[in-house]
Amino acid sequence: MATLIVDDCINCGACEPVCPNKAIRPGEALFVIDPHRCTECVGFHDTEQCAAACPVDACLPDPDRQESEPTLLARARRLHPRHEFIAPIPSRFRR
């Protein structure tokens, strides 16, 4: 499931630099997350960094994009082919 930035976003930009996948960019009215780049930080962190950085809790799970940990980890590996993912893999699924 990709993370989604909802209308509560105040456009502060705190989320953009913490994304390990560079999935977040400024949109017209608020920041947006590219669901094809979002891995919910699986492989890098045990919590979504955009949600942790957001001062108004505007980074939420996208109910229309539910994805499993293996799917998200495979995406992370495609996006970061030179990164060595060492077990145990950091993941929100293992909190």
# chains A, B, ... in the order shown; residues from 1 in each chain; ligands from 1

call {"tool": "select_by_dssp", "arguments": {"residues": "chain A", "states": "strand (DSSP E)", "output": "number ranges by chain"}}
result
A: 3-5, 24-26, 31-33, 59-61

call {"tool": "residues_around", "arguments": {"residues": "Ala53 of chain A", "least_positions_apart": "3", "cutoff": "6 Å", "atoms": "only C-alpha atoms", "output": "PyMOL selection string"}}
result
chain A and resi 14-15+50

call {"tool": "write_last_selection", "arguments": {"atoms": "C-alpha atoms", "output": "PDB file, in the first residue's frame"}}
result
ATOM      1  CA  ALA A  14       9.174  18.037   5.748  1.00  0.00           C
ATOM      2  CA  CYS A  15       8.299  14.765   4.027  1.00  0.00           C
ATOM      3  CA  CYS A  50       7.096  10.845   5.618  1.00  0.00           C
TER       4      CYS A  50
END

call {"tool": "closest_residue", "arguments": {"among": "A:Ala87, A:Val42, A:Ala52, A:Lys22", "to": "Glu69 of chain A", "atoms": "only C-alpha atoms"}}
result
A:Val42

call {"tool": "closest_residue", "arguments": {"among": "A:Pro88, A:Ala58, A:Thr39, A:Glu48", "to": "Ala74 of chain A", "atoms": "only C-alpha atoms"}}
result
A:Thr39

call {"tool": "atom_distance", "arguments": {"atom1": "atom CA of Asp46 of chain A", "atom2": "atom CA of Arg77 of chain A"}}
result
16.2 Å
